[in-house]
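Novice: Just passing along the structure, written as structure tokens.
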Amino acid sequence: MGDVLEYLVDGTSGLAPGGVDGTAMIVGVCSGGQPGKGYLLGKRSDLAGLLGVGPLVDALRDIFATGGQNPVVIAVPVAGQPAGYISTVRQSGPGAACATSGVPQANADVVVEVVADGAVGLAPVRISPDGGATFGSQQASATQVTIAATGVTLTFPEDGELKAGTAYRFTVRTAVGPVTRIGGGPQITLAGTPRAEAQLVLEVVSGGARNEGTYRLSLDGGDNYGAVRTIPVDGAATTGDTGVAITFPAGDYQGGTTYTATLQAPVPSIVDVMTAIERPLELYDVEFVHIVGPSDSVDWAAAQAKADELWNLHRPTYFKMESRLPRDGEDINDWAAVMLAERAAFAGRFVQVCTQYGEVSDATGQRKLRNWGGLQAGRVLSIPVQRATGRVRDGGISQGTLPEGWNEAVQAALEKAGFLTARIYAGLRSAYWGDSRTMAEVTSDFQYEEVLRVVFKAVRKLRIAALKSMYDELGDPLVPENAGGLEYLRTNLETALTTMTAAVPPELAAYVVAIPPGQDYVNNGVAVETTLIGIPIIRQIKLFANYAYAGSSFDPRLTATA
């Protein structure tokens, strides 16, 4: 018994764990990898070897290009579905409105034109599948008009009235878009299910028949071409690793002829996404989840619900989503109107949506049109939590080029609505990120990503620090010098937040930790009020320039020396 006993006193070193800032989970469709499995990746990871090709791989390249020197992400593949769409109906003229339904089966630019006035079911119409270049025979209208071979049905109201000259236009696109030929010679065909997005351009370099003529192929809209190849003797060729095959029919090909087509990458459903991330989120704690691929307000609501669930599990996490690109026949103003309508159907403070898009140059040398969500996510990973992604000192978005028609009016409208966008400053060459907005209500304190990041980091640190005091002796709250438990709790919380105020650069300006007196600690526990004092962001600068003649009564130097 009369010995020296040793005890370890733990929890007094000042360590304050709890931050997960700078870590992200990226979810999307790719041709390789196992759906639902988390892949820990860094700058030197073999993306093609692990994940193949597809939107997820493209986004990861963007993230690693902008994510600083040592970004680490968890990539999660998800199963994809063939892309394709039926655009909204554009009506030119008076009369009853209509709607579309179905699943795209063939590419078409449909025009339904009313030939004479009359009620639905009586008024004659004619249909063009090629944008009005040719029309089929006149036929009677109906409440349901089937557009042959496209998989689309046009629905009119039963009691509607149709007016002569009114036209209803819409676009149908499958995953493999229509092949456009400029020049002469046979028309090539494309078949297969794309594994990756591509803007395909095929040029006939030298004319001739199969096994004689030559061609070259570009997958990025003509910015880069592969080697010149001979047209195969059997007419069968591939389009790189996109999964789509080319067929050259027999005939005499003419040098200089160009064929173009768009391949749409598979898209994920939000149900598949949420299933895929379930297990990885149990294994890995991340700051945000970035879902790659087009999304709408239904998807955003599902992401907000998942973020709420994670919050209730004491794991504050927010979601980054991407909007779709403009469709064929849809100009940037039509597209912006659709985005604003989607925004009107949703609000969520833990969700961001990137609407910015344009051509992006990546490390493979290709330059493709895509959403810039990956570029923005990489920027976030490279900066401290309190910093805005649009800080001009951090540089512009050198990898991207804004699309034709993008202007300050479109950008301002989308940014005001809460989307992530990029802007151009007069006098600077690159595009720069605008406000890093969330989809929160206008009354929310969490309309900006940097606020969300700071608060989430602080909350995580405060929780871990507070857990040290669970089931600790409170002491006597009426005699402060005997209330050791309360003071230990306060000290741990302040130590946790001091790591943020003492960071270089500071992540918080200051904080106040208050334990209100007079609490019923026995029945209600201990309530702690914490005020986080954030670092403001300069969002606007006003320069006032005055002009005065030297030596005049308005010369400020005279006033200074008087």
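Letters A, B, ... mark the chains of the structure tokens in the order given; residue numbers begin at 1 per chain; ligand numbers begin at 1, in order shown.
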Within 12 Å of Val459 in chain A, counting only C-alpha atoms, which residues show up once you throw out same-chain ones fewer than 2 positions away? Write them as a list in words, please.
Specialist: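 Within the cut-off, the hits are Pro17, Gly18, Gly19, Val20, Asp21, Trp311, His314, Arg315, Pro316, Thr317, Leu452, Arg453, Val454, Val455, Phe456, Lys457, Lys461, Leu462, Arg463, Ile464, Ala465, Ala466, Leu493, Ala496, Leu497, Met500, Thr530, Thr531 and Leu532 of chain A.
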Novice: Suppose we keep C-alpha atoms; can you now write the selection as a PDB file, in the first residue's frame?
Specialist:
```pdb
ATOM      1  CA  PRO A  17     -10.102  18.668 -32.601  1.00  0.00           C
ATOM      2  CA  GLY A  18     -13.335  18.816 -34.551  1.00  0.00           C
ATOM      3  CA  GLY A  19     -12.632  20.562 -37.847  1.00  0.00           C
ATOM      4  CA  VAL A  20     -13.220  18.810 -41.180  1.00  0.00           C
ATOM      5  CA  ASP A  21     -12.809  21.886 -43.363  1.00  0.00           C
ATOM      6  CA  TRP A 311     -27.059  18.116 -38.765  1.00  0.00           C
ATOM      7  CA  HIS A 314     -24.070  16.273 -35.060  1.00  0.00           C
ATOM      8  CA  ARG A 315     -22.256  16.324 -38.408  1.00  0.00           C
ATOM      9  CA  PRO A 316     -22.841  19.723 -40.048  1.00  0.00           C
ATOM     10  CA  THR A 317     -22.447  19.182 -43.799  1.00  0.00           C
ATOM     11  CA  LEU A 452     -21.791  28.549 -43.349  1.00  0.00           C
ATOM     12  CA  ARG A 453     -18.223  27.213 -43.334  1.00  0.00           C
ATOM     13  CA  VAL A 454     -17.167  29.295 -40.320  1.00  0.00           C
ATOM     14  CA  VAL A 455     -20.234  28.382 -38.277  1.00  0.00           C
ATOM     15  CA  PHE A 456     -20.075  24.683 -39.178  1.00  0.00           C
ATOM     16  CA  LYS A 457     -16.394  24.509 -38.198  1.00  0.00           C
ATOM     17  CA  LYS A 461     -15.202  22.207 -32.459  1.00  0.00           C
ATOM     18  CA  LEU A 462     -17.581  23.388 -29.734  1.00  0.00           C
ATOM     19  CA  ARG A 463     -19.338  20.039 -29.619  1.00  0.00           C
ATOM     20  CA  ILE A 464     -16.125  18.039 -29.185  1.00  0.00           C
ATOM     21  CA  ALA A 465     -14.916  20.482 -26.545  1.00  0.00           C
ATOM     22  CA  ALA A 466     -18.233  20.312 -24.674  1.00  0.00           C
ATOM     23  CA  LEU A 493     -15.168  25.991 -25.333  1.00  0.00           C
ATOM     24  CA  ALA A 496     -11.723  25.507 -29.154  1.00  0.00           C
ATOM     25  CA  LEU A 497     -12.723  28.883 -30.563  1.00  0.00           C
ATOM     26  CA  MET A 500     -10.008  29.954 -35.026  1.00  0.00           C
ATOM     27  CA  THR A 530     -21.938  31.426 -27.876  1.00  0.00           C
ATOM     28  CA  THR A 531     -21.634  34.439 -30.149  1.00  0.00           C
ATOM     29  CA  LEU A 532     -19.312  34.024 -33.127  1.00  0.00           C
TER      30      LEU A 532
END
```
Novice: Report as a Markdown table: every residue of range 316-404 of chain A with an atom at most 12 Å from range 420-431 of chain A, its closest pair of atoms, and their distance in Å to one decimal, counting only C-alpha atoms, with rows sorted by chain and ascending residue number.
Specialist:
```
| residue | atom | partner | partner_atom | distance |
| --- | --- | --- | --- | --- |
| A:Lys320 | CA | A:Leu420 | CA | 9.8 |
| A:Met321 | CA | A:Leu420 | CA | 9.8 |
| A:Glu322 | CA | A:Leu420 | CA | 9.3 |
| A:Ser323 | CA | A:Leu420 | CA | 10.0 |
| A:Ala336 | CA | A:Thr421 | CA | 11.8 |
| A:Met339 | CA | A:Leu420 | CA | 11.8 |
| A:Val351 | CA | A:Leu420 | CA | 11.0 |
| A:Gln352 | CA | A:Leu420 | CA | 7.2 |
| A:Val353 | CA | A:Leu420 | CA | 6.1 |
| A:Cys354 | CA | A:Leu420 | CA | 4.4 |
| A:Thr355 | CA | A:Leu420 | CA | 6.0 |
| A:Gln356 | CA | A:Thr421 | CA | 4.9 |
| A:Tyr357 | CA | A:Thr421 | CA | 8.5 |
| A:Gly358 | CA | A:Ala422 | CA | 10.3 |
| A:Asn371 | CA | A:Thr421 | CA | 10.5 |
| A:Trp372 | CA | A:Thr421 | CA | 8.9 |
| A:Gly373 | CA | A:Leu420 | CA | 8.5 |
| A:Gly374 | CA | A:Leu420 | CA | 11.8 |
| A:Leu375 | CA | A:Ala422 | CA | 11.0 |
| A:Gln376 | CA | A:Leu420 | CA | 8.5 |
| A:Ala377 | CA | A:Leu420 | CA | 10.9 |
| A:Ala388 | CA | A:Leu420 | CA | 12.0 |
| A:Thr389 | CA | A:Leu420 | CA | 10.2 |
| A:Gly390 | CA | A:Ala422 | CA | 8.4 |
| A:Arg391 | CA | A:Ala431 | CA | 11.8 |
| A:Val392 | CA | A:Tyr425 | CA | 9.9 |
| A:Arg393 | CA | A:Leu428 | CA | 12.0 |
| A:Asp394 | CA | A:Ser430 | CA | 11.9 |
| A:Gly395 | CA | A:Ser430 | CA | 8.3 |
| A:Gly396 | CA | A:Ser430 | CA | 5.2 |
| A:Ile397 | CA | A:Ala431 | CA | 5.5 |
| A:Ser398 | CA | A:Ser430 | CA | 6.2 |
| A:Gln399 | CA | A:Ser430 | CA | 9.3 |
| A:Gly400 | CA | A:Ala431 | CA | 7.7 |
| A:Thr401 | CA | A:Ala431 | CA | 7.4 |
| A:Leu402 | CA | A:Ala431 | CA | 7.3 |
| A:Pro403 | CA | A:Ala422 | CA | 11.0 |
```
Novice: With only C-alpha atoms as the counted atoms, please give the residues lying no more than 9 Å from range 153-160 of chain A, apart from itself and same-chain residues fewer than 2 positions off, as number ranges by chain.
Specialist: A: 95-102, 118-121, 141-148, 150-151, 162
Novice: Neighbouring residues of Ala209 in chain A were defined as those with any atom within 6 Å, considering only C-alpha atoms; residues of the same chain fewer than 2 positions away were excluded. Please report them as a PDB file with N, CA and C atoms, in the first residue's frame.
Specialist:
```
ATOM      1  N   GLU A 212      -9.576   3.975 -98.074  1.00  0.00           N
ATOM      2  CA  GLU A 212      -8.868   4.892 -98.975  1.00  0.00           C
ATOM      3  C   GLU A 212      -8.870   6.308 -98.404  1.00  0.00           C
ATOM      4  N   GLY A 213     -10.058   6.826 -98.108  1.00  0.00           N
ATOM      5  CA  GLY A 213     -10.160   8.159 -97.523  1.00  0.00           C
ATOM      6  C   GLY A 213      -9.634   8.191 -96.086  1.00  0.00           C
ATOM      7  N   GLY A 251     -19.381   4.366 -99.912  1.00  0.00           N
ATOM      8  CA  GLY A 251     -19.565   5.534-100.747  1.00  0.00           C
ATOM      9  C   GLY A 251     -18.267   6.291-100.902  1.00  0.00           C
ATOM     10  N   ASP A 252     -18.329   7.383-101.635  1.00  0.00           N
ATOM     11  CA  ASP A 252     -17.147   8.197-101.901  1.00  0.00           C
ATOM     12  C   ASP A 252     -17.182   9.429-101.001  1.00  0.00           C
ATOM     13  N   TYR A 253     -16.287   9.472-100.029  1.00  0.00           N
ATOM     14  CA  TYR A 253     -16.240  10.587 -99.084  1.00  0.00           C
ATOM     15  C   TYR A 253     -15.437  11.744 -99.662  1.00  0.00           C
TER      16      TYR A 253
END
```
Novice: Please report, as a ChimeraX atom specification, each residue of range 55-201 of chain A to which DSSP assigns alpha helix (DSSP H) when run on this structure's backbone.
Specialist: /A:55-66
Novice: Just checking: using only C-alpha atoms, which residue out of A:Gly22, A:Pro505, A:Gly226, A:Gly52 ends up closest to Val72 in chain A?
Specialist: A:Gly22
Novice: Using only C-alpha atoms, which residues sit within 12 Å of Gly208 in chain A once same-chain residues fewer than 5 positions away are excluded, as a PyMOL selection string?
Specialist: chain A and resi 184-186+213-215+230-233+248+250-257
Novice: Take the residues just selected and output them with C-alpha atoms as a PDB file, in the first residue's frame.
Specialist:
```pdb
ATOM      1  CA  GLY A 184     -20.912  16.314 -99.488  1.00  0.00           C
ATOM      2  CA  GLY A 185     -20.601  12.562 -99.379  1.00  0.00           C
ATOM      3  CA  PRO A 186     -22.404   9.815 -97.442  1.00  0.00           C
ATOM      4  CA  GLY A 213     -10.160   8.159 -97.523  1.00  0.00           C
ATOM      5  CA  THR A 214      -8.818   9.539 -94.233  1.00  0.00           C
ATOM      6  CA  TYR A 215     -10.374  11.386 -91.330  1.00  0.00           C
ATOM      7  CA  THR A 230      -7.898   5.743 -92.687  1.00  0.00           C
ATOM      8  CA  ILE A 231     -11.617   5.094 -93.038  1.00  0.00           C
ATOM      9  CA  PRO A 232     -11.901   1.399 -91.987  1.00  0.00           C
ATOM     10  CA  VAL A 233     -12.554  -1.183 -94.658  1.00  0.00           C
ATOM     11  CA  PHE A 248     -19.096   4.872 -92.381  1.00  0.00           C
ATOM     12  CA  ALA A 250     -20.079   2.632 -98.395  1.00  0.00           C
ATOM     13  CA  GLY A 251     -19.565   5.534-100.747  1.00  0.00           C
ATOM     14  CA  ASP A 252     -17.147   8.197-101.901  1.00  0.00           C
ATOM     15  CA  TYR A 253     -16.240  10.587 -99.084  1.00  0.00           C
ATOM     16  CA  GLN A 254     -15.263  14.150 -99.957  1.00  0.00           C
ATOM     17  CA  GLY A 255     -12.251  15.835 -98.391  1.00  0.00           C
ATOM     18  CA  GLY A 256     -13.179  18.786 -96.202  1.00  0.00           C
ATOM     19  CA  THR A 257     -16.591  17.441 -95.207  1.00  0.00           C
TER      20      THR A 257
END
```
Novice: Write down as a compact mmCIF listing (two decimals) with N, CA and C atoms, in the first residue's frame the residues of range 183-389 of chain A whose backbone DSSP state falls under strand (DSSP E or B).
Specialist:
```txt
# COMPACT_ATOMS: atom_id res chain seq x y z
N THR A 189 -23.27 7.50 -89.35
CA THR A 189 -24.21 7.30 -88.25
C THR A 189 -23.44 6.97 -86.98
N LEU A 190 -24.07 7.28 -85.84
CA LEU A 190 -23.50 7.01 -84.52
C LEU A 190 -24.45 6.11 -83.76
N ALA A 191 -23.91 5.18 -82.98
CA ALA A 191 -24.74 4.27 -82.19
C ALA A 191 -24.02 3.91 -80.91
N ALA A 198 -19.25 14.50 -74.90
CA ALA A 198 -18.30 14.88 -75.95
C ALA A 198 -19.01 15.77 -76.97
N GLN A 199 -18.26 16.74 -77.47
CA GLN A 199 -18.72 17.53 -78.61
C GLN A 199 -17.93 17.03 -79.82
N LEU A 200 -18.51 16.07 -80.51
CA LEU A 200 -17.80 15.32 -81.54
C LEU A 200 -17.75 16.10 -82.85
N VAL A 201 -16.54 16.18 -83.42
CA VAL A 201 -16.34 16.76 -84.75
C VAL A 201 -15.47 15.80 -85.54
N LEU A 202 -15.97 15.32 -86.68
CA LEU A 202 -15.21 14.42 -87.55
C LEU A 202 -14.97 15.12 -88.88
N GLU A 203 -13.71 15.26 -89.24
CA GLU A 203 -13.35 15.90 -90.51
C GLU A 203 -12.78 14.87 -91.48
N VAL A 204 -13.27 14.86 -92.69
CA VAL A 204 -12.67 14.03 -93.75
C VAL A 204 -11.46 14.79 -94.27
N VAL A 205 -10.28 14.23 -94.06
CA VAL A 205 -9.05 14.92 -94.44
C VAL A 205 -8.77 14.74 -95.94
N SER A 206 -8.87 13.51 -96.40
CA SER A 206 -8.69 13.27 -97.84
C SER A 206 -9.82 12.37 -98.31
N GLY A 208 -12.28 9.81 -100.62
CA GLY A 208 -12.12 8.45 -101.12
C GLY A 208 -13.10 7.51 -100.47
N THR A 214 -9.32 9.38 -95.61
CA THR A 214 -8.82 9.54 -94.23
C THR A 214 -9.67 10.56 -93.48
N TYR A 215 -9.61 10.47 -92.17
CA TYR A 215 -10.37 11.39 -91.33
C TYR A 215 -9.61 11.64 -90.04
N ARG A 216 -10.04 12.65 -89.30
CA ARG A 216 -9.54 12.92 -87.95
C ARG A 216 -10.72 13.28 -87.07
N LEU A 217 -10.58 13.02 -85.76
CA LEU A 217 -11.70 13.14 -84.84
C LEU A 217 -11.35 14.04 -83.65
N SER A 218 -12.28 14.88 -83.31
CA SER A 218 -12.16 15.73 -82.11
C SER A 218 -13.32 15.43 -81.18
N ASP A 220 -13.78 17.53 -78.45
CA ASP A 220 -14.04 18.77 -77.70
C ASP A 220 -14.42 19.92 -78.61
N ARG A 229 -6.59 9.13 -89.49
CA ARG A 229 -6.77 7.69 -89.65
C ARG A 229 -7.44 7.40 -91.00
N THR A 230 -7.25 6.18 -91.46
CA THR A 230 -7.90 5.74 -92.69
C THR A 230 -9.31 5.25 -92.37
N ALA A 236 -16.47 0.53 -89.64
CA ALA A 236 -16.72 0.63 -88.20
C ALA A 236 -15.54 1.29 -87.50
N ALA A 237 -15.81 2.34 -86.70
CA ALA A 237 -14.76 3.05 -85.96
C ALA A 237 -15.30 3.45 -84.60
N THR A 238 -14.39 3.76 -83.70
CA THR A 238 -14.78 4.17 -82.34
C THR A 238 -14.60 5.67 -82.17
N ALA A 245 -20.01 4.20 -81.23
CA ALA A 245 -19.36 3.72 -82.44
C ALA A 245 -19.82 4.52 -83.65
N ILE A 246 -18.90 4.68 -84.61
CA ILE A 246 -19.19 5.36 -85.88
C ILE A 246 -19.33 4.31 -86.98
N THR A 247 -20.31 4.51 -87.85
CA THR A 247 -20.44 3.67 -89.04
C THR A 247 -20.28 4.54 -90.27
N TYR A 253 -16.29 9.47 -100.03
CA TYR A 253 -16.24 10.59 -99.08
C TYR A 253 -15.44 11.74 -99.66
N THR A 258 -17.35 17.91 -92.95
CA THR A 258 -17.32 17.87 -91.49
C THR A 258 -18.64 17.33 -90.95
N TYR A 259 -18.55 16.43 -89.99
CA TYR A 259 -19.72 15.88 -89.31
C TYR A 259 -19.62 16.27 -87.82
N THR A 260 -20.70 16.76 -87.27
CA THR A 260 -20.70 17.15 -85.85
C THR A 260 -21.89 16.52 -85.14
N ALA A 261 -21.70 16.22 -83.86
CA ALA A 261 -22.77 15.67 -83.03
C ALA A 261 -22.39 15.86 -81.57
N THR A 262 -23.38 15.90 -80.72
CA THR A 262 -23.16 16.03 -79.27
C THR A 262 -23.52 14.71 -78.59
N LEU A 263 -22.60 14.23 -77.75
CA LEU A 263 -22.85 13.04 -76.94
C LEU A 263 -23.09 13.50 -75.51
N VAL A 267 -26.68 10.43 -66.71
CA VAL A 267 -27.04 11.31 -65.60
C VAL A 267 -27.49 10.46 -64.41
N PHE A 288 -18.28 19.16 -47.13
CA PHE A 288 -19.41 19.27 -48.06
C PHE A 288 -19.43 18.09 -49.00
N VAL A 289 -20.61 17.87 -49.59
CA VAL A 289 -20.81 16.84 -50.62
C VAL A 289 -21.15 17.55 -51.92
N HIS A 290 -20.38 17.25 -52.96
CA HIS A 290 -20.62 17.84 -54.27
C HIS A 290 -21.20 16.77 -55.19
N ILE A 291 -22.43 16.99 -55.65
CA ILE A 291 -23.10 16.05 -56.55
C ILE A 291 -22.95 16.56 -57.98
N VAL A 292 -22.24 15.78 -58.81
CA VAL A 292 -21.94 16.17 -60.17
C VAL A 292 -23.08 15.77 -61.09
N GLY A 293 -23.49 16.69 -61.96
CA GLY A 293 -24.54 16.38 -62.93
C GLY A 293 -25.70 17.32 -62.82
N PRO A 294 -26.53 17.40 -63.85
CA PRO A 294 -27.66 18.33 -63.85
C PRO A 294 -28.66 17.99 -62.75
N TYR A 318 -22.81 20.52 -45.78
CA TYR A 318 -23.67 21.15 -46.79
C TYR A 318 -23.41 20.52 -48.15
N PHE A 319 -24.32 20.80 -49.09
CA PHE A 319 -24.29 20.15 -50.41
C PHE A 319 -24.09 21.18 -51.51
N LYS A 320 -23.28 20.80 -52.50
CA LYS A 320 -23.11 21.57 -53.72
C LYS A 320 -23.76 20.81 -54.87
N MET A 321 -24.58 21.49 -55.63
CA MET A 321 -25.27 20.89 -56.76
C MET A 321 -24.93 21.66 -58.04
N GLU A 322 -25.28 21.08 -59.18
CA GLU A 322 -25.03 21.71 -60.47
C GLU A 322 -26.34 21.83 -61.25
N GLY A 348 -33.26 26.49 -49.33
CA GLY A 348 -32.57 25.61 -48.38
C GLY A 348 -31.22 26.20 -48.04
N VAL A 351 -27.72 24.19 -48.99
CA VAL A 351 -27.56 23.74 -50.37
C VAL A 351 -27.05 24.90 -51.22
N GLN A 352 -26.08 24.61 -52.09
CA GLN A 352 -25.63 25.57 -53.10
C GLN A 352 -25.87 24.97 -54.47
N VAL A 353 -26.13 25.83 -55.45
CA VAL A 353 -26.33 25.37 -56.82
C VAL A 353 -25.48 26.24 -57.74
N CYS A 354 -24.59 25.60 -58.48
CA CYS A 354 -23.75 26.32 -59.44
C CYS A 354 -24.42 26.32 -60.80
N TYR A 357 -21.41 27.95 -66.27
CA TYR A 357 -20.93 26.95 -67.20
C TYR A 357 -20.09 27.65 -68.27
N GLY A 358 -19.44 26.88 -69.08
CA GLY A 358 -18.61 27.40 -70.16
C GLY A 358 -17.58 26.35 -70.53
N GLU A 359 -16.75 26.64 -71.49
CA GLU A 359 -15.70 25.71 -71.86
C GLU A 359 -14.64 25.67 -70.77
N VAL A 360 -14.15 24.46 -70.47
CA VAL A 360 -13.14 24.26 -69.43
C VAL A 360 -11.97 23.50 -70.04
N SER A 361 -10.76 24.01 -69.84
CA SER A 361 -9.55 23.30 -70.24
C SER A 361 -9.04 22.49 -69.06
N ARG A 367 -10.81 20.62 -74.19
CA ARG A 367 -11.53 21.84 -73.80
C ARG A 367 -13.01 21.60 -74.08
N LYS A 368 -13.76 21.32 -73.01
CA LYS A 368 -15.16 20.93 -73.18
C LYS A 368 -16.10 21.87 -72.44
N LEU A 369 -17.32 21.94 -72.97
CA LEU A 369 -18.37 22.73 -72.35
C LEU A 369 -18.96 21.94 -71.19
N ARG A 370 -18.94 22.53 -69.98
CA ARG A 370 -19.53 21.86 -68.83
C ARG A 370 -19.79 22.84 -67.70
N ASN A 371 -20.51 22.37 -66.69
CA ASN A 371 -20.76 23.16 -65.50
C ASN A 371 -19.45 23.38 -64.75
```
Novice: Ranking A:Leu325, A:Ala502, A:Ile26, A:Ala175 by minimum distance to Ala106 in chain A and counting only C-alpha atoms, which one comes first?
Specialist: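 Counting only C-alpha atoms, the residue closest to Ala106 in chain A is A:Ala175.
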Novice: If I take CA of Ala527 in chain A and CA of Leu310 in chain A, how far is one from the other in Å, to one decimal?
Specialist: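 According to the coordinates, CA of Ala527 in chain A and CA of Leu310 in chain A are separated by 22.3 Å.
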Novice: Write out as a list of chain:residue names the residues lying within 9 Å of Val298 in chain A, counting only C-alpha atoms and excluding same-chain residues fewer than 5 positions away.
Specialist: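 Close residues of Val298 in chain A: A:Ile270, A:Ala303, A:Glu342, A:Ala345, A:Phe346.
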Novice: Expressed in Å to a single decimal, how great is the separation between CA of Gly68 in chain A and CA of Lys43 in chain A?
Specialist: 9.5 Å
Novice: I'd like the neighbourhood of Val244 in chain A as a list of chain:residue names, where a residue qualifies if any of its atoms comes within 6 Å (using only C-alpha atoms), though same-chain residues fewer than 2 positions away should be ignored.
Specialist: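 My reading of the contact set: A:Ala191, A:Gly192, A:Pro194, A:Thr239, A:Thr242.
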Novice: Restricting it to C-alpha atoms, dump the selection as a PDB file, in the first residue's frame.
Specialist:
```pdb
ATOM      1  CA  ALA A 191     -24.743   4.274 -82.192  1.00  0.00           C
ATOM      2  CA  GLY A 192     -24.253   3.233 -78.588  1.00  0.00           C
ATOM      3  CA  PRO A 194     -22.255   7.376 -74.252  1.00  0.00           C
ATOM      4  CA  THR A 239     -15.003   7.598 -80.749  1.00  0.00           C
ATOM      5  CA  THR A 242     -16.904   7.492 -75.076  1.00  0.00           C
TER       6      THR A 242
END
```
